[in-house]
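Engineer: Take a look at protein.pdb, PDB, N, CA and C atoms:
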ATOM      1  N   MET A1042       0.848  -1.179   0.000
ATOM      2  CA  MET A1042       0.000   0.000   0.000
ATOM      3  C   MET A1042       0.890   1.238   0.000
ATOM      4  N   LYS A1043       0.573   2.171  -0.852
ATOM      5  CA  LYS A1043       1.344   3.410  -0.927
ATOM      6  C   LYS A1043       0.934   4.336   0.213
ATOM      7  N   GLN A1044       1.925   4.842   0.934
ATOM      8  CA  GLN A1044       1.643   5.714   2.073
ATOM      9  C   GLN A1044       1.178   7.092   1.613
ATOM     10  N   SER A1045       0.090   7.550   2.203
ATOM     11  CA  SER A1045      -0.437   8.878   1.923
ATOM     12  C   SER A1045       0.276   9.905   2.794
ATOM     13  N   ARG A1046       0.432  11.105   2.287
ATOM     14  CA  ARG A1046       1.027  12.192   3.066
ATOM     15  C   ARG A1046      -0.044  12.987   3.801
ATOM     16  N   GLU A1047      -1.318  12.661   3.584
ATOM     17  CA  GLU A1047      -2.399  13.372   4.254
ATOM     18  C   GLU A1047      -2.474  12.909   5.698
ATOM     19  N   ARG A1048      -2.382  13.890   6.605
ATOM     20  CA  ARG A1048      -2.367  13.561   8.028
ATOM     21  C   ARG A1048      -3.268  14.542   8.774
ATOM     22  N   VAL A1049      -3.753  14.100   9.901
ATOM     23  CA  VAL A1049      -4.528  14.934  10.809
ATOM     24  C   VAL A1049      -3.657  15.173  12.037
ATOM     25  N   VAL A1050      -3.560  16.434  12.468
ATOM     26  CA  VAL A1050      -2.723  16.769  13.627
ATOM     27  C   VAL A1050      -3.612  17.080  14.822
ATOM     28  N   ALA A1051      -3.288  16.466  15.951
ATOM     29  CA  ALA A1051      -3.981  16.737  17.213
ATOM     30  C   ALA A1051      -2.958  17.316  18.183
ATOM     31  N   VAL A1052      -3.390  18.288  18.968
ATOM     32  CA  VAL A1052      -2.521  18.900  19.979
ATOM     33  C   VAL A1052      -3.066  18.523  21.349
ATOM     34  N   TYR A1053      -2.195  17.982  22.180
ATOM     35  CA  TYR A1053      -2.579  17.514  23.506
ATOM     36  C   TYR A1053      -1.865  18.341  24.572
ATOM     37  N   LEU A1054      -2.565  18.655  25.630
ATOM     38  CA  LEU A1054      -1.964  19.243  26.815
ATOM     39  C   LEU A1054      -1.736  18.084  27.768
ATOM     40  N   VAL A1055      -0.469  17.790  28.070
ATOM     41  CA  VAL A1055      -0.150  16.630  28.897
ATOM     42  C   VAL A1055       0.522  17.056  30.196
ATOM     43  N   GLU A1056       0.398  16.185  31.173
ATOM     44  CA  GLU A1056       1.087  16.347  32.455
ATOM     45  C   GLU A1056       1.590  14.958  32.827
ATOM     46  N   THR A1057       2.866  14.842  33.120
ATOM     47  CA  THR A1057       3.460  13.535  33.318
ATOM     48  C   THR A1057       4.626  13.582  34.301
ATOM     49  N   PRO A1058       4.819  12.503  35.061
ATOM     50  CA  PRO A1058       5.999  12.417  35.900
ATOM     51  C   PRO A1058       7.232  11.963  35.100
ATOM     52  N   TYR A1059       7.014  11.583  33.852
ATOM     53  CA  TYR A1059       8.097  11.125  32.981
ATOM     54  C   TYR A1059       8.530  12.272  32.064
ATOM     55  N   SER A1060       9.472  12.012  31.186
ATOM     56  CA  SER A1060       9.876  13.049  30.241
ATOM     57  C   SER A1060       8.745  13.261  29.228
ATOM     58  N   LEU A1061       8.652  14.468  28.706
ATOM     59  CA  LEU A1061       7.632  14.753  27.691
ATOM     60  C   LEU A1061       7.871  13.922  26.431
ATOM     61  N   GLU A1062       9.128  13.699  26.088
ATOM     62  CA  GLU A1062       9.468  12.914  24.898
ATOM     63  C   GLU A1062       8.968  11.473  25.048
ATOM     64  N   HIS A1063       9.230  10.876  26.203
ATOM     65  CA  HIS A1063       8.780   9.502  26.467
ATOM     66  C   HIS A1063       7.254   9.430  26.409
ATOM     67  N   THR A1064       6.615  10.369  27.074
ATOM     68  CA  THR A1064       5.158  10.393  27.131
ATOM     69  C   THR A1064       4.548  10.578  25.752
ATOM     70  N   ALA A1065       5.112  11.463  24.945
ATOM     71  CA  ALA A1065       4.602  11.698  23.591
ATOM     72  C   ALA A1065       4.715  10.432  22.745
ATOM     73  N   GLY A1066       5.826   9.725  22.868
ATOM     74  CA  GLY A1066       6.002   8.483  22.117
ATOM     75  C   GLY A1066       4.996   7.413  22.515
ATOM     76  N   ILE A1067       4.746   7.280  23.805
ATOM     77  CA  ILE A1067       3.755   6.321  24.296
ATOM     78  C   ILE A1067       2.368   6.712  23.785
ATOM     79  N   LEU A1068       2.050   7.984  23.872
ATOM     80  CA  LEU A1068       0.750   8.485  23.420
ATOM     81  C   LEU A1068       0.547   8.167  21.935
ATOM     82  N   ALA A1069       1.536   8.468  21.113
ATOM     83  CA  ALA A1069       1.423   8.220  19.670
ATOM     84  C   ALA A1069       1.233   6.736  19.388
ATOM     85  N   GLY A1070       1.977   5.903  20.071
ATOM     86  CA  GLY A1070       1.851   4.462  19.854
ATOM     87  C   GLY A1070       0.509   3.920  20.302
ATOM     88  N   GLU A1071       0.095   4.286  21.498
ATOM     89  CA  GLU A1071      -1.174   3.796  22.049
ATOM     90  C   GLU A1071      -2.363   4.190  21.193
ATOM     91  N   GLN A1072      -2.308   5.339  20.559
ATOM     92  CA  GLN A1072      -3.452   5.809  19.785
ATOM     93  C   GLN A1072      -3.412   5.385  18.330
ATOM     94  N   SER A1073      -2.399   4.616  17.952
ATOM     95  CA  SER A1073      -2.363   4.181  16.551
ATOM     96  C   SER A1073      -2.058   2.698  16.451
ATOM     97  N   THR A1074      -0.808   2.324  16.469
ATOM     98  CA  THR A1074      -0.459   0.923  16.209
ATOM     99  C   THR A1074       0.066   0.185  17.422
ATOM    100  N   GLY A1075       0.354   0.869  18.496
ATOM    101  CA  GLY A1075       0.999   0.223  19.625
ATOM    102  C   GLY A1075       0.042  -0.195  20.717
ATOM    103  N   THR A1076       0.524  -1.066  21.551
ATOM    104  CA  THR A1076      -0.180  -1.462  22.765
ATOM    105  C   THR A1076       0.874  -1.664  23.840
ATOM    106  N   PHE A1077       0.438  -2.017  25.023
ATOM    107  CA  PHE A1077       1.373  -2.246  26.115
ATOM    108  C   PHE A1077       2.092  -3.584  25.972
ATOM    109  N   THR A1078       1.725  -4.388  24.995
ATOM    110  CA  THR A1078       2.351  -5.689  24.778
ATOM    111  C   THR A1078       2.490  -5.947  23.275
ATOM    112  N   ALA A1079       3.424  -6.794  22.905
ATOM    113  CA  ALA A1079       3.619  -7.134  21.487
ATOM    114  C   ALA A1079       2.394  -7.879  20.958
ATOM    115  N   VAL A1080       2.022  -7.566  19.720
ATOM    116  CA  VAL A1080       0.865  -8.190  19.083
ATOM    117  C   VAL A1080       1.353  -8.911  17.829
ATOM    118  N   PRO A1081       0.960 -10.178  17.639
ATOM    119  CA  PRO A1081       1.357 -10.883  16.416
ATOM    120  C   PRO A1081       0.898 -10.106  15.177
ATOM    121  N   GLY A1082       1.772  -9.991  14.205
ATOM    122  CA  GLY A1082       1.435  -9.283  12.972
ATOM    123  C   GLY A1082       1.745  -7.799  13.004
ATOM    124  N   GLU A1083       2.145  -7.284  14.157
ATOM    125  CA  GLU A1083       2.489  -5.856  14.269
ATOM    126  C   GLU A1083       3.937  -5.678  13.803
ATOM    127  N   THR A1084       4.099  -5.343  12.546
ATOM    128  CA  THR A1084       5.421  -5.251  11.942
ATOM    129  C   THR A1084       5.893  -3.801  11.864
ATOM    130  N   ASP A1085       7.164  -3.618  11.583
ATOM    131  CA  ASP A1085       7.694  -2.267  11.381
ATOM    132  C   ASP A1085       7.032  -1.594  10.181
ATOM    133  N   ASP A1086       6.747  -2.369   9.128
ATOM    134  CA  ASP A1086       6.056  -1.812   7.957
ATOM    135  C   ASP A1086       4.668  -1.312   8.339
ATOM    136  N   LEU A1087       3.945  -2.082   9.141
ATOM    137  CA  LEU A1087       2.614  -1.679   9.591
ATOM    138  C   LEU A1087       2.695  -0.389  10.406
ATOM    139  N   LYS A1088       3.679  -0.296  11.287
ATOM    140  CA  LYS A1088       3.836   0.911  12.104
ATOM    141  C   LYS A1088       4.165   2.131  11.242
ATOM    142  N   ARG A1089       5.006   1.944  10.217
ATOM    143  CA  ARG A1089       5.329   3.055   9.317
ATOM    144  C   ARG A1089       4.103   3.527   8.549
ATOM    145  N   GLU A1090       3.272   2.599   8.126
ATOM    146  CA  GLU A1090       2.100   2.928   7.314
ATOM    147  C   GLU A1090       0.956   3.530   8.129
ATOM    148  N   PHE A1091       0.744   3.035   9.343
ATOM    149  CA  PHE A1091      -0.440   3.419  10.109
ATOM    150  C   PHE A1091      -0.132   4.105  11.436
ATOM    151  N   GLY A1092       1.130   4.200  11.801
ATOM    152  CA  GLY A1092       1.492   4.774  13.097
ATOM    153  C   GLY A1092       1.358   6.287  13.154
ATOM    154  N   ALA A1093       1.031   6.767  14.338
ATOM    155  CA  ALA A1093       1.024   8.211  14.597
ATOM    156  C   ALA A1093       2.471   8.669  14.774
ATOM    157  N   VAL A1094       2.713   9.952  14.530
ATOM    158  CA  VAL A1094       4.060  10.524  14.593
ATOM    159  C   VAL A1094       4.056  11.731  15.522
ATOM    160  N   VAL A1095       5.047  11.806  16.393
ATOM    161  CA  VAL A1095       5.213  12.994  17.237
ATOM    162  C   VAL A1095       5.788  14.086  16.358
ATOM    163  N   GLU A1096       5.025  15.153  16.171
ATOM    164  CA  GLU A1096       5.437  16.258  15.303
ATOM    165  C   GLU A1096       6.131  17.379  16.070
ATOM    166  N   GLY A1097       5.857  17.480  17.359
ATOM    167  CA  GLY A1097       6.479  18.538  18.141
ATOM    168  C   GLY A1097       6.087  18.472  19.603
ATOM    169  N   ILE A1098       6.946  19.044  20.424
ATOM    170  CA  ILE A1098       6.721  19.103  21.868
ATOM    171  C   ILE A1098       7.090  20.505  22.330
ATOM    172  N   ARG A1099       6.188  21.122  23.076
ATOM    173  CA  ARG A1099       6.477  22.439  23.648
ATOM    174  C   ARG A1099       6.363  22.333  25.163
ATOM    175  N   PRO A1100       7.514  22.308  25.851
ATOM    176  CA  PRO A1100       7.479  22.222  27.314
ATOM    177  C   PRO A1100       6.817  23.456  27.923
ATOM    178  N   LEU A1101       6.073  23.233  28.979
ATOM    179  CA  LEU A1101       5.478  24.316  29.752
ATOM    180  C   LEU A1101       6.137  24.298  31.131
ATOM    181  N   GLU A1102       5.359  24.313  32.195
ATOM    182  CA  GLU A1102       5.962  24.351  33.525
ATOM    183  C   GLU A1102       6.118  22.956  34.137
ATOM    184  N   ILE A1103       6.853  22.918  35.247
ATOM    185  CA  ILE A1103       6.973  21.718  36.080
ATOM    186  C   ILE A1103       6.319  22.056  37.410
ATOM    187  N   VAL A1104       5.447  21.155  37.867
ATOM    188  CA  VAL A1104       4.732  21.379  39.123
ATOM    189  C   VAL A1104       5.060  20.254  40.097
ATOM    190  N   ASP A1105       4.862  20.520  41.383
ATOM    191  CA  ASP A1105       5.181  19.534  42.417
ATOM    192  C   ASP A1105       4.100  18.488  42.622
ATOM    193  N   VAL A1106       2.849  18.865  42.319
ATOM    194  CA  VAL A1106       1.709  17.994  42.597
ATOM    195  C   VAL A1106       0.898  17.835  41.314
ATOM    196  N   PRO A1107       0.445  16.610  40.999
ATOM    197  CA  PRO A1107      -0.366  16.441  39.797
ATOM    198  C   PRO A1107      -1.707  17.165  39.926
ATOM    199  N   SER A1108      -2.243  17.614  38.804
ATOM    200  CA  SER A1108      -3.496  18.368  38.830
ATOM    201  C   SER A1108      -4.715  17.483  39.071
ATOM    202  N   LEU A1109      -4.624  16.188  38.749
ATOM    203  CA  LEU A1109      -5.753  15.288  38.978
ATOM    204  C   LEU A1109      -5.691  14.708  40.386
ATOM    205  N   PRO A1110      -6.722  14.928  41.185
ATOM    206  CA  PRO A1110      -6.733  14.349  42.531
ATOM    207  C   PRO A1110      -6.707  12.827  42.435
ATOM    208  N   GLY A1111      -5.936  12.218  43.294
ATOM    209  CA  GLY A1111      -5.874  10.763  43.313
ATOM    210  C   GLY A1111      -4.982  10.150  42.267
ATOM    211  N   ALA A1112      -4.264  10.969  41.491
ATOM    212  CA  ALA A1112      -3.354  10.415  40.481
ATOM    213  C   ALA A1112      -2.287   9.585  41.180
ATOM    214  N   SER A1113      -2.036   8.397  40.660
ATOM    215  CA  SER A1113      -1.030   7.535  41.295
ATOM    216  C   SER A1113       0.369   8.039  40.943
ATOM    217  N   VAL A1114       1.250   7.904  41.902
ATOM    218  CA  VAL A1114       2.641   8.320  41.740
ATOM    219  C   VAL A1114       3.456   7.076  41.404
ATOM    220  N   PRO A1115       4.217   7.091  40.321
ATOM    221  CA  PRO A1115       5.017   5.918  39.958
ATOM    222  C   PRO A1115       6.076   5.613  41.015
ATOM    223  N   ALA A1116       6.383   4.344  41.165
ATOM    224  CA  ALA A1116       7.414   3.922  42.109
ATOM    225  C   ALA A1116       8.728   4.626  41.780
ATOM    226  N   GLY A1117       9.392   5.131  42.794
ATOM    227  CA  GLY A1117      10.681   5.775  42.615
ATOM    228  C   GLY A1117      10.607   7.203  42.111
ATOM    229  N   HIS A1118       9.397   7.744  41.960
ATOM    230  CA  HIS A1118       9.260   9.114  41.456
ATOM    231  C   HIS A1118       9.725  10.104  42.518
ATOM    232  N   SER A1119      10.633  10.954  42.139
ATOM    233  CA  SER A1119      11.156  11.929  43.104
ATOM    234  C   SER A1119      11.208  13.344  42.538
ATOM    235  N   GLY A1120      10.669  13.523  41.343
ATOM    236  CA  GLY A1120      10.739  14.840  40.701
ATOM    237  C   GLY A1120       9.374  15.452  40.505
ATOM    238  N   GLY A1121       9.316  16.471  39.689
ATOM    239  CA  GLY A1121       8.072  17.169  39.427
ATOM    240  C   GLY A1121       7.271  16.519  38.314
ATOM    241  N   TYR A1122       6.150  17.126  38.051
ATOM    242  CA  TYR A1122       5.267  16.695  36.975
ATOM    243  C   TYR A1122       5.413  17.694  35.836
ATOM    244  N   ARG A1123       5.851  17.195  34.685
ATOM    245  CA  ARG A1123       6.103  18.049  33.530
ATOM    246  C   ARG A1123       4.806  18.271  32.768
ATOM    247  N   ARG A1124       4.572  19.507  32.389
ATOM    248  CA  ARG A1124       3.420  19.850  31.560
ATOM    249  C   ARG A1124       3.936  20.337  30.212
ATOM    250  N   GLY A1125       3.177  20.038  29.171
ATOM    251  CA  GLY A1125       3.589  20.483  27.854
ATOM    252  C   GLY A1125       2.506  20.262  26.822
ATOM    253  N   GLU A1126       2.702  20.873  25.665
ATOM    254  CA  GLU A1126       1.847  20.638  24.506
ATOM    255  C   GLU A1126       2.563  19.657  23.590
ATOM    256  N   VAL A1127       1.842  18.635  23.184
ATOM    257  CA  VAL A1127       2.391  17.596  22.319
ATOM    258  C   VAL A1127       1.560  17.564  21.042
ATOM    259  N   ARG A1128       2.233  17.677  19.900
ATOM    260  CA  ARG A1128       1.556  17.607  18.591
ATOM    261  C   ARG A1128       1.822  16.232  17.991
ATOM    262  N   ILE A1129       0.733  15.532  17.677
ATOM    263  CA  ILE A1129       0.809  14.183  17.114
ATOM    264  C   ILE A1129       0.008  14.165  15.819
ATOM    265  N   SER A1130       0.590  13.590  14.764
ATOM    266  CA  SER A1130      -0.168  13.471  13.515
ATOM    267  C   SER A1130      -0.530  12.009  13.266
ATOM    268  N   PHE A1131      -1.698  11.842  12.652
ATOM    269  CA  PHE A1131      -2.242  10.521  12.340
ATOM    270  C   PHE A1131      -2.499  10.434  10.848
ATOM    271  N   PRO A1132      -2.194   9.283  10.226
ATOM    272  CA  PRO A1132      -2.518   9.130   8.804
ATOM    273  C   PRO A1132      -4.036   9.198   8.598
ATOM    274  N   LEU A1133      -4.449  10.004   7.663
ATOM    275  CA  LEU A1133      -5.872  10.148   7.367
ATOM    276  C   LEU A1133      -6.498   8.814   6.980
ATOM    277  N   HIS A1134      -5.734   7.968   6.296
ATOM    278  CA  HIS A1134      -6.305   6.690   5.855
ATOM    279  C   HIS A1134      -6.598   5.742   7.021
ATOM    280  N   ASN A1135      -6.173   6.077   8.235
ATOM    281  CA  ASN A1135      -6.519   5.245   9.393
ATOM    282  C   ASN A1135      -8.010   5.291   9.705
ATOM    283  N   PHE A1136      -8.657   6.404   9.427
ATOM    284  CA  PHE A1136     -10.062   6.550   9.807
ATOM    285  C   PHE A1136     -10.943   7.099   8.699
ATOM    286  N   GLY A1137     -10.375   7.611   7.617
ATOM    287  CA  GLY A1137     -11.166   8.086   6.485
ATOM    288  C   GLY A1137     -12.121   9.201   6.866
ATOM    289  N   PRO A1138     -13.266   9.292   6.193
ATOM    290  CA  PRO A1138     -14.207  10.397   6.419
ATOM    291  C   PRO A1138     -15.184  10.134   7.576
ATOM    292  N   SER A1139     -14.753   9.414   8.591
ATOM    293  CA  SER A1139     -15.635   9.051   9.705
ATOM    294  C   SER A1139     -15.259   9.824  10.971
ATOM    295  N   ILE A1140     -16.160  10.712  11.413
ATOM    296  CA  ILE A1140     -15.912  11.490  12.635
ATOM    297  C   ILE A1140     -15.786  10.572  13.864
ATOM    298  N   PRO A1141     -16.647   9.556  14.050
ATOM    299  CA  PRO A1141     -16.461   8.667  15.207
ATOM    300  C   PRO A1141     -15.099   7.964  15.203
ATOM    301  N   ASN A1142     -14.636   7.535  14.024
ATOM    302  CA  ASN A1142     -13.318   6.896  13.960
ATOM    303  C   ASN A1142     -12.202   7.893  14.250
ATOM    304  N   LEU A1143     -12.355   9.119  13.755
ATOM    305  CA  LEU A1143     -11.390  10.174  14.048
ATOM    306  C   LEU A1143     -11.309  10.408  15.561
ATOM    307  N   MET A1144     -12.456  10.542  16.215
ATOM    308  CA  MET A1144     -12.477  10.784  17.663
ATOM    309  C   MET A1144     -11.862   9.623  18.431
ATOM    310  N   THR A1145     -12.104   8.410  17.980
ATOM    311  CA  THR A1145     -11.500   7.251  18.630
ATOM    312  C   THR A1145      -9.986   7.286  18.481
ATOM    313  N   ALA A1146      -9.509   7.690  17.308
ATOM    314  CA  ALA A1146      -8.062   7.740  17.074
ATOM    315  C   ALA A1146      -7.390   8.809  17.916
ATOM    316  N   VAL A1147      -7.967  10.006  17.974
ATOM    317  CA  VAL A1147      -7.274  11.096  18.670
ATOM    318  C   VAL A1147      -7.574  11.145  20.163
ATOM    319  N   ALA A1148      -8.656  10.533  20.605
ATOM    320  CA  ALA A1148      -8.976  10.551  22.037
ATOM    321  C   ALA A1148      -8.930   9.143  22.619
ATOM    322  N   GLY A1149      -9.704   8.234  22.077
ATOM    323  CA  GLY A1149      -9.690   6.838  22.512
ATOM    324  C   GLY A1149      -9.585   6.693  24.020
ATOM    325  N   ASN A1150      -8.629   5.910  24.449
ATOM    326  CA  ASN A1150      -8.451   5.672  25.889
ATOM    327  C   ASN A1150      -7.440   6.632  26.507
ATOM    328  N   LEU A1151      -7.073   7.689  25.784
ATOM    329  CA  LEU A1151      -6.056   8.615  26.269
ATOM    330  C   LEU A1151      -6.396   9.246  27.616
ATOM    331  N   TYR A1152      -7.628   9.516  27.841
ATOM    332  CA  TYR A1152      -7.990  10.238  29.050
ATOM    333  C   TYR A1152      -7.845   9.379  30.298
ATOM    334  N   GLU A1153      -7.518   8.113  30.091
ATOM    335  CA  GLU A1153      -7.260   7.229  31.217
ATOM    336  C   GLU A1153      -5.750   7.099  31.479
ATOM    337  N   LEU A1154      -4.946   7.424  30.491
ATOM    338  CA  LEU A1154      -3.490   7.238  30.627
ATOM    339  C   LEU A1154      -2.891   8.211  31.616
TER     340      LEU A1154
END
Once you've parsed the file, please lay out its structure as structure tokens.
Structural biologist:
Amino acid sequence: MKQSRERVVAVYLVETPYSLEHTAGILAGEQSTGTFTAVPGETDDLKREFGAVVEGIRPLEIVDVPSLPGASVPAGHSGGYRRGEVRISFPLHNFGPSIPNLMTAVAGNLYEL
């Protein structure tokens, strides 16, 4: 399949105890071709064709306490919570002209991460 250059860009405001770069990569993978575990048939070619891409990261502030009450703190965490804007692009052919599919791609389970 020939890769299309048509992409949809979503901008996310994130807050994380990890680096913004790490978080952006996880976000892009989770919302396109990746999961928390290896999946049979998930090849590098498939990821290139259908994977989301981190287009940019704009760091904002670092805070001492997460903004969500009850947010779990990762084991060994001793630093602040980084906030930033993350731009992620998705191949248009992943969802086509379907608004529900678009919303699933750009939001999906992200609000739980």
Engineer: For the file shown, what are the residues hit by the PyMOL selection byres (((chain A and resi 1128 and name CA) around 7) and name CA), laid out as a tab-separated table (two decimals) with N, CA and C atoms, in the coordinates of the input?
Structural biologist:
chain	number	residue	atom	x	y	z
A	1050	VAL	N	-3.56	16.43	12.47
A	1050	VAL	CA	-2.72	16.77	13.63
A	1050	VAL	C	-3.61	17.08	14.82
A	1051	ALA	N	-3.29	16.47	15.95
A	1051	ALA	CA	-3.98	16.74	17.21
A	1051	ALA	C	-2.96	17.32	18.18
A	1052	VAL	N	-3.39	18.29	18.97
A	1052	VAL	CA	-2.52	18.90	19.98
A	1052	VAL	C	-3.07	18.52	21.35
A	1053	TYR	N	-2.19	17.98	22.18
A	1053	TYR	CA	-2.58	17.51	23.51
A	1053	TYR	C	-1.86	18.34	24.57
A	1095	VAL	N	5.05	11.81	16.39
A	1095	VAL	CA	5.21	12.99	17.24
A	1095	VAL	C	5.79	14.09	16.36
A	1096	GLU	N	5.03	15.15	16.17
A	1096	GLU	CA	5.44	16.26	15.30
A	1096	GLU	C	6.13	17.38	16.07
A	1097	GLY	N	5.86	17.48	17.36
A	1097	GLY	CA	6.48	18.54	18.14
A	1097	GLY	C	6.09	18.47	19.60
A	1098	ILE	N	6.95	19.04	20.42
A	1098	ILE	CA	6.72	19.10	21.87
A	1098	ILE	C	7.09	20.50	22.33
A	1126	GLU	N	2.70	20.87	25.66
A	1126	GLU	CA	1.85	20.64	24.51
A	1126	GLU	C	2.56	19.66	23.59
A	1127	VAL	N	1.84	18.64	23.18
A	1127	VAL	CA	2.39	17.60	22.32
A	1127	VAL	C	1.56	17.56	21.04
A	1129	ILE	N	0.73	15.53	17.68
A	1129	ILE	CA	0.81	14.18	17.11
A	1129	ILE	C	0.01	14.16	15.82
A	1130	SER	N	0.59	13.59	14.76
A	1130	SER	CA	-0.17	13.47	13.52
A	1130	SER	C	-0.53	12.01	13.27
Engineer: What does the structure give for the distance between atom CA of Ala1148 of chain A and atom CA of Ala1069 of chain A, in Å to one decimal?
Structural biologist: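 Value for the atom CA of Ala1148 of chain A-atom CA of Ala1069 of chain A distance: 10.9 Å.
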Engineer: Of the candidates A:Val1106, A:Gly1120, A:Pro1058, A:Phe1131, which shows the shortest atom-to-atom distance to Gly1092 of chain A, using only N, CA and C atoms?
Structural biologist: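 So, comparing all the options, the nearest one is A:Phe1131.
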Engineer: List every protein, DNA or RNA residue that has an atom no more than 9 Å from (-10.7, 5.0, 14.2) in the file's coordinate frame, counting only C-alpha atoms, and report them as a count of residues only.
Structural biologist: 14
Engineer: What would the selection look like, as a PyMOL selection string, if the PyMOL selection byres (((chain A and resi 1056 and name CA) around 8) and name CA) were run on the coordinates I just shared?
Structural biologist: chain A and resi 1054-1055+1057-1058+1107+1122-1125
Engineer: Any chance you could resolve the PyMOL selection byres ((chain A and resi 1091) around 8) against this file and give the residues as number ranges by chain?
Structural biologist: A: 1044, 1072-1075, 1085-1090, 1092-1094, 1131-1132, 1134-1135
Engineer: Find the distance between atom CA of Ala1079 of chain A and atom N of Gly1066 of chain A and write it in Å to one decimal.
Structural biologist: 17.1 Å
Engineer: Quick one: pull the distance between atom N of His1063 of chain A and atom CA of Pro1100 of chain A, Å, one decimal.
Structural biologist: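 Atom CA of Pro1100 of chain A lies at a distance of 11.5 Å from atom N of His1063 of chain A.
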Engineer: Per DSSP on the backbone, filter segment 1081-1128 of chain A down to the residues in strand (DSSP E) and report them as an MDAnalysis selection string.
Structural biologist: chainID A and resid 1094:1104 1122:1128
Engineer: Atoms to include: N, CA and C atoms. Write the selected residues as a PDB file, in the frame of the given file.
Structural biologist:
ATOM      1  N   VAL A1094       2.713   9.952  14.530  1.00  0.00           N
ATOM      2  CA  VAL A1094       4.060  10.524  14.593  1.00  0.00           C
ATOM      3  C   VAL A1094       4.056  11.731  15.522  1.00  0.00           C
ATOM      4  N   VAL A1095       5.047  11.806  16.393  1.00  0.00           N
ATOM      5  CA  VAL A1095       5.213  12.994  17.237  1.00  0.00           C
ATOM      6  C   VAL A1095       5.788  14.086  16.358  1.00  0.00           C
ATOM      7  N   GLU A1096       5.025  15.153  16.171  1.00  0.00           N
ATOM      8  CA  GLU A1096       5.437  16.258  15.303  1.00  0.00           C
ATOM      9  C   GLU A1096       6.131  17.379  16.070  1.00  0.00           C
ATOM     10  N   GLY A1097       5.857  17.480  17.359  1.00  0.00           N
ATOM     11  CA  GLY A1097       6.479  18.538  18.141  1.00  0.00           C
ATOM     12  C   GLY A1097       6.087  18.472  19.603  1.00  0.00           C
ATOM     13  N   ILE A1098       6.946  19.044  20.424  1.00  0.00           N
ATOM     14  CA  ILE A1098       6.721  19.103  21.868  1.00  0.00           C
ATOM     15  C   ILE A1098       7.090  20.505  22.330  1.00  0.00           C
ATOM     16  N   ARG A1099       6.188  21.122  23.076  1.00  0.00           N
ATOM     17  CA  ARG A1099       6.477  22.439  23.648  1.00  0.00           C
ATOM     18  C   ARG A1099       6.363  22.333  25.163  1.00  0.00           C
ATOM     19  N   PRO A1100       7.514  22.308  25.851  1.00  0.00           N
ATOM     20  CA  PRO A1100       7.479  22.222  27.314  1.00  0.00           C
ATOM     21  C   PRO A1100       6.817  23.456  27.923  1.00  0.00           C
ATOM     22  N   LEU A1101       6.073  23.233  28.979  1.00  0.00           N
ATOM     23  CA  LEU A1101       5.478  24.316  29.752  1.00  0.00           C
ATOM     24  C   LEU A1101       6.137  24.298  31.131  1.00  0.00           C
ATOM     25  N   GLU A1102       5.359  24.313  32.195  1.00  0.00           N
ATOM     26  CA  GLU A1102       5.962  24.351  33.525  1.00  0.00           C
ATOM     27  C   GLU A1102       6.118  22.956  34.137  1.00  0.00           C
ATOM     28  N   ILE A1103       6.853  22.918  35.247  1.00  0.00           N
ATOM     29  CA  ILE A1103       6.973  21.718  36.080  1.00  0.00           C
ATOM     30  C   ILE A1103       6.319  22.056  37.410  1.00  0.00           C
ATOM     31  N   VAL A1104       5.447  21.155  37.867  1.00  0.00           N
ATOM     32  CA  VAL A1104       4.732  21.379  39.123  1.00  0.00           C
ATOM     33  C   VAL A1104       5.060  20.254  40.097  1.00  0.00           C
ATOM     34  N   TYR A1122       6.150  17.126  38.051  1.00  0.00           N
ATOM     35  CA  TYR A1122       5.267  16.695  36.975  1.00  0.00           C
ATOM     36  C   TYR A1122       5.413  17.694  35.836  1.00  0.00           C
ATOM     37  N   ARG A1123       5.851  17.195  34.685  1.00  0.00           N
ATOM     38  CA  ARG A1123       6.103  18.049  33.530  1.00  0.00           C
ATOM     39  C   ARG A1123       4.806  18.271  32.768  1.00  0.00           C
ATOM     40  N   ARG A1124       4.572  19.507  32.389  1.00  0.00           N
ATOM     41  CA  ARG A1124       3.420  19.850  31.560  1.00  0.00           C
ATOM     42  C   ARG A1124       3.936  20.337  30.212  1.00  0.00           C
ATOM     43  N   GLY A1125       3.177  20.038  29.171  1.00  0.00           N
ATOM     44  CA  GLY A1125       3.589  20.483  27.854  1.00  0.00           C
ATOM     45  C   GLY A1125       2.506  20.262  26.822  1.00  0.00           C
ATOM     46  N   GLU A1126       2.702  20.873  25.665  1.00  0.00           N
ATOM     47  CA  GLU A1126       1.847  20.638  24.506  1.00  0.00           C
ATOM     48  C   GLU A1126       2.563  19.657  23.590  1.00  0.00           C
ATOM     49  N   VAL A1127       1.842  18.635  23.184  1.00  0.00           N
ATOM     50  CA  VAL A1127       2.391  17.596  22.319  1.00  0.00           C
ATOM     51  C   VAL A1127       1.560  17.564  21.042  1.00  0.00           C
ATOM     52  N   ARG A1128       2.233  17.677  19.900  1.00  0.00           N
ATOM     53  CA  ARG A1128       1.556  17.607  18.591  1.00  0.00           C
ATOM     54  C   ARG A1128       1.822  16.232  17.991  1.00  0.00           C
TER      55      ARG A1128
END
Engineer: Can you pull out every residue from chain A that DSSP, working from the backbone, puts in alpha helix (DSSP H), and format the result as an NGL selection string?
Structural biologist: :A and (1061-1071 or 1085-1091 or 1140-1147)
Engineer: Using all atoms of segment 1111-1121 of chain A listed in the file and a margin of 4 Å per side, can you give the axis-aligned box centre and edge lengths in Å to one decimal, as lines of an AutoDock Vina configuration file?
Structural biologist:
center_x = 2.6
center_y = 10.5
center_z = 40.8
size_x = 25.1
size_y = 21.2
size_z = 13.0
